[in-house]
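K.L.:
Pasting a structure here, questions to come.
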Amino acid sequence: MKIIISSVIIGASVLLSSAILSGNIEFKKQNILSNDNGHVSLGKVYSENTFLNVELKTESDNSTIFKLTDLSVGSYQDGIKREIQSIIDDYNKDKSDDKKTTSDKLSLKVPATLTLKIYNVYRAENIPVYNLTIDTQSIKFGKETPVLKSVLEASDKILKDNNQRIQETFFLSKK
């Protein structure tokens with residue numbers, strides 16, 4: 001009797017091992033993220049995207065010059081250019097041709113602070129929508145700083161500096 005039980009156990013373990021090795025049995029992938037508060041188990045990840053928030057405020061009274069949220073990293077420059085062009089269009093609306101400005105000439109008249117936030121958004125099995133902040137930076141600009149050039153350069157830099165970290169927190173692109 002002991003021989004039969006031992007044979008059954010060995011046979012079942014051989015079958016289970018071969019099924020696991022052949023890929024016929026999958027174990028649930030957890031996709032776990034680490035953050036400042038511990039770990040987050042996303043379960044199966046359906047989508048993951050990286051976004052950028054851009055906010056420019058004056059230092060004197062903390063009023064917002066412009067604020068852009070959820071800019072895709074693939075097209076954030078277009079969003080920034082559109083917003084700055086909108087500011088220029090409003091400024092130029094009632095001006096004569098010699099008083100109009102362009103996006104290249106637009107500069108700050110007072111010191112300002114640019115706040116950039118880069119983050120990933122996951123749509124997953126265990127948490128329907130989860131945001132993971134990758135980095136947040138505040139950059140001070142002085143008077144006469146060219147707005148378009150400075151904002152684009154700062155945005156490019158934060159994305160370049162954090163590209164490795166972004167890739168490390170992706171699950172779908174890993175093979």
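Ordered as shown in the structure tokens, chains take letters A, B, and onward, while each chain numbers its residues from 1 and ligands are numbered from 1 in the order shown.
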What's around Pro146 of chain A at 8 Å? Count only C-alpha atoms, leave out sequence neighbours fewer than 4 positions away in its own chain, and write the answer as a list in words.
P.N.:
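Surrounding residues, per the criterion: Asp104, Lys105, Leu106, Ser107, Leu108 and Ser150 of chain A.
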K.L.:
Please provide as a list in words all residues within 12 Å of segment 92-102 of chain A, with the sequence filter that same-chain residues fewer than 4 positions apart are discarded (counting only C-alpha atoms).
P.N.:
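Those residues are Lys81, Ile84, Gln85, Ser86, Ile87, Ile88, Leu106, Ser107, Pro146, Val147 and Leu148 of chain A.
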K.L.:
Using C-alpha atoms, can you export the residues from the last selection as a JSON list (two decimals), in the first residue's frame?
P.N.:
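To be explicit, this is the file written out as result.json:
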[["chain", "number", "residue", "atom", "x", "y", "z"],
["A", 81, "LYS", "CA", 3.09, 75.14, -27.54],
["A", 84, "ILE", "CA", 1.56, 79.44, -24.98],
["A", 85, "GLN", "CA", 0.16, 80.30, -28.40],
["A", 86, "SER", "CA", -3.25, 80.79, -26.78],
["A", 87, "ILE", "CA", -1.69, 83.26, -24.30],
["A", 88, "ILE", "CA", -0.01, 85.10, -27.17],
["A", 106, "LEU", "CA", 7.35, 85.95, -25.04],
["A", 107, "SER", "CA", 9.22, 86.35, -21.75],
["A", 146, "PRO", "CA", 11.88, 83.19, -22.49],
["A", 147, "VAL", "CA", 8.78, 81.17, -21.60],
["A", 148, "LEU", "CA", 8.47, 78.66, -24.47]]
K.L.:
Once DSSP has gone over the backbone, tell me which residues of chain A are in strand (DSSP E), as a count of residues only.
P.N.:
56
K.L.:
Take atom CA of Arg82 of chain A and atom CA of Asn162 of chain A and report the distance between them in Å, one decimal.
P.N.:
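A separation of 24.5 Å between them.
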K.L.:
Go through A:Ile32, A:Ile9, A:Val151, A:Val129 one by one, measure the shortest atom-to-atom distance of each to Glu168 of chain A using only C-alpha atoms, and give the residue with the smallest value.
P.N.:
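The closest residue to Glu168 of chain A is A:Ile32.
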K.L.:
Go through A:Val121, A:Val110, A:Ile10, A:Val73 and flag the residue nearest Ser60 of chain A, using only C-alpha atoms for the distances.
P.N.:
A:Val110
K.L.:
Work out how far apart atom CA of Glu153 of chain A and atom CA of Phe171 of chain A are and give it in Å to one decimal.
P.N.:
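Rounded to one decimal, the two atoms are 28.6 Å apart.
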K.L.:
Could you pull the residues within 9 Å of Val54 of chain A, counting only C-alpha atoms, minus those fewer than 2 positions along the same chain, as a list in words?
P.N.:
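Listing them by chain and then by number gives Leu52, Leu56, Phe66, Lys67, Leu68, Thr69, Asp70, Leu71, Ile80, Leu114, Thr115, Leu116, Lys117, Val151 and Ser155 of chain A.
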K.L.:
If I take atom CA of Thr133 of chain A and atom CA of Ser75 of chain A, how far is one from the other in Å, to one decimal?
P.N.:
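Separation of atom CA of Thr133 of chain A and atom CA of Ser75 of chain A: 19.0 Å.
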K.L.:
Excluding Asn35 of chain A and its own-chain neighbours fewer than 3 positions away, which residues fall within 10 Å of it when counting only C-alpha atoms? Please give them as a list of chain:residue names.
P.N.:
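Final neighbour list, sorted by chain and number: A:Ile32, A:Gly38, A:His39, A:Val40, A:Leu132, A:Thr133, A:Ile134.
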K.L.:
Create the file for the chosen residues now, containing N, CA, C and O atoms and written as a PDB file, in the first residue's frame.
P.N.:
ATOM      1  N   ILE A  32       3.950  43.905  -8.908  1.00  0.00           N
ATOM      2  CA  ILE A  32       4.022  44.659  -7.662  1.00  0.00           C
ATOM      3  C   ILE A  32       4.904  45.889  -7.847  1.00  0.00           C
ATOM      4  O   ILE A  32       6.007  45.810  -8.383  1.00  0.00           O
ATOM      5  N   GLY A  38       5.166  51.596   0.835  1.00  0.00           N
ATOM      6  CA  GLY A  38       5.243  50.141   0.817  1.00  0.00           C
ATOM      7  C   GLY A  38       5.110  49.597  -0.584  1.00  0.00           C
ATOM      8  O   GLY A  38       5.646  50.149  -1.533  1.00  0.00           O
ATOM      9  N   HIS A  39       4.343  48.516  -0.707  1.00  0.00           N
ATOM     10  CA  HIS A  39       4.178  47.853  -1.991  1.00  0.00           C
ATOM     11  C   HIS A  39       2.707  47.872  -2.406  1.00  0.00           C
ATOM     12  O   HIS A  39       1.824  47.837  -1.563  1.00  0.00           O
ATOM     13  N   VAL A  40       2.492  47.893  -3.728  1.00  0.00           N
ATOM     14  CA  VAL A  40       1.143  47.871  -4.281  1.00  0.00           C
ATOM     15  C   VAL A  40       1.069  46.718  -5.269  1.00  0.00           C
ATOM     16  O   VAL A  40       1.856  46.649  -6.209  1.00  0.00           O
ATOM     17  N   LEU A 132       1.224  56.453 -10.117  1.00  0.00           N
ATOM     18  CA  LEU A 132       2.521  56.359  -9.450  1.00  0.00           C
ATOM     19  C   LEU A 132       3.346  57.575  -9.852  1.00  0.00           C
ATOM     20  O   LEU A 132       3.705  57.728 -11.021  1.00  0.00           O
ATOM     21  N   THR A 133       3.625  58.452  -8.904  1.00  0.00           N
ATOM     22  CA  THR A 133       4.447  59.630  -9.175  1.00  0.00           C
ATOM     23  C   THR A 133       5.895  59.193  -9.338  1.00  0.00           C
ATOM     24  O   THR A 133       6.461  58.548  -8.457  1.00  0.00           O
ATOM     25  N   ILE A 134       6.481  59.569 -10.465  1.00  0.00           N
ATOM     26  CA  ILE A 134       7.878  59.245 -10.746  1.00  0.00           C
ATOM     27  C   ILE A 134       8.789  60.348 -10.207  1.00  0.00           C
ATOM     28  O   ILE A 134       9.781  60.092  -9.542  1.00  0.00           O
TER      29      ILE A 134
END
K.L.:
Taking the backbone alone, and naming residues the way the document does, which bits of chain A are alpha helix (DSSP H) by DSSP, as a ChimeraX atom specification?
P.N.:
/A:2-22,76-92,147-168
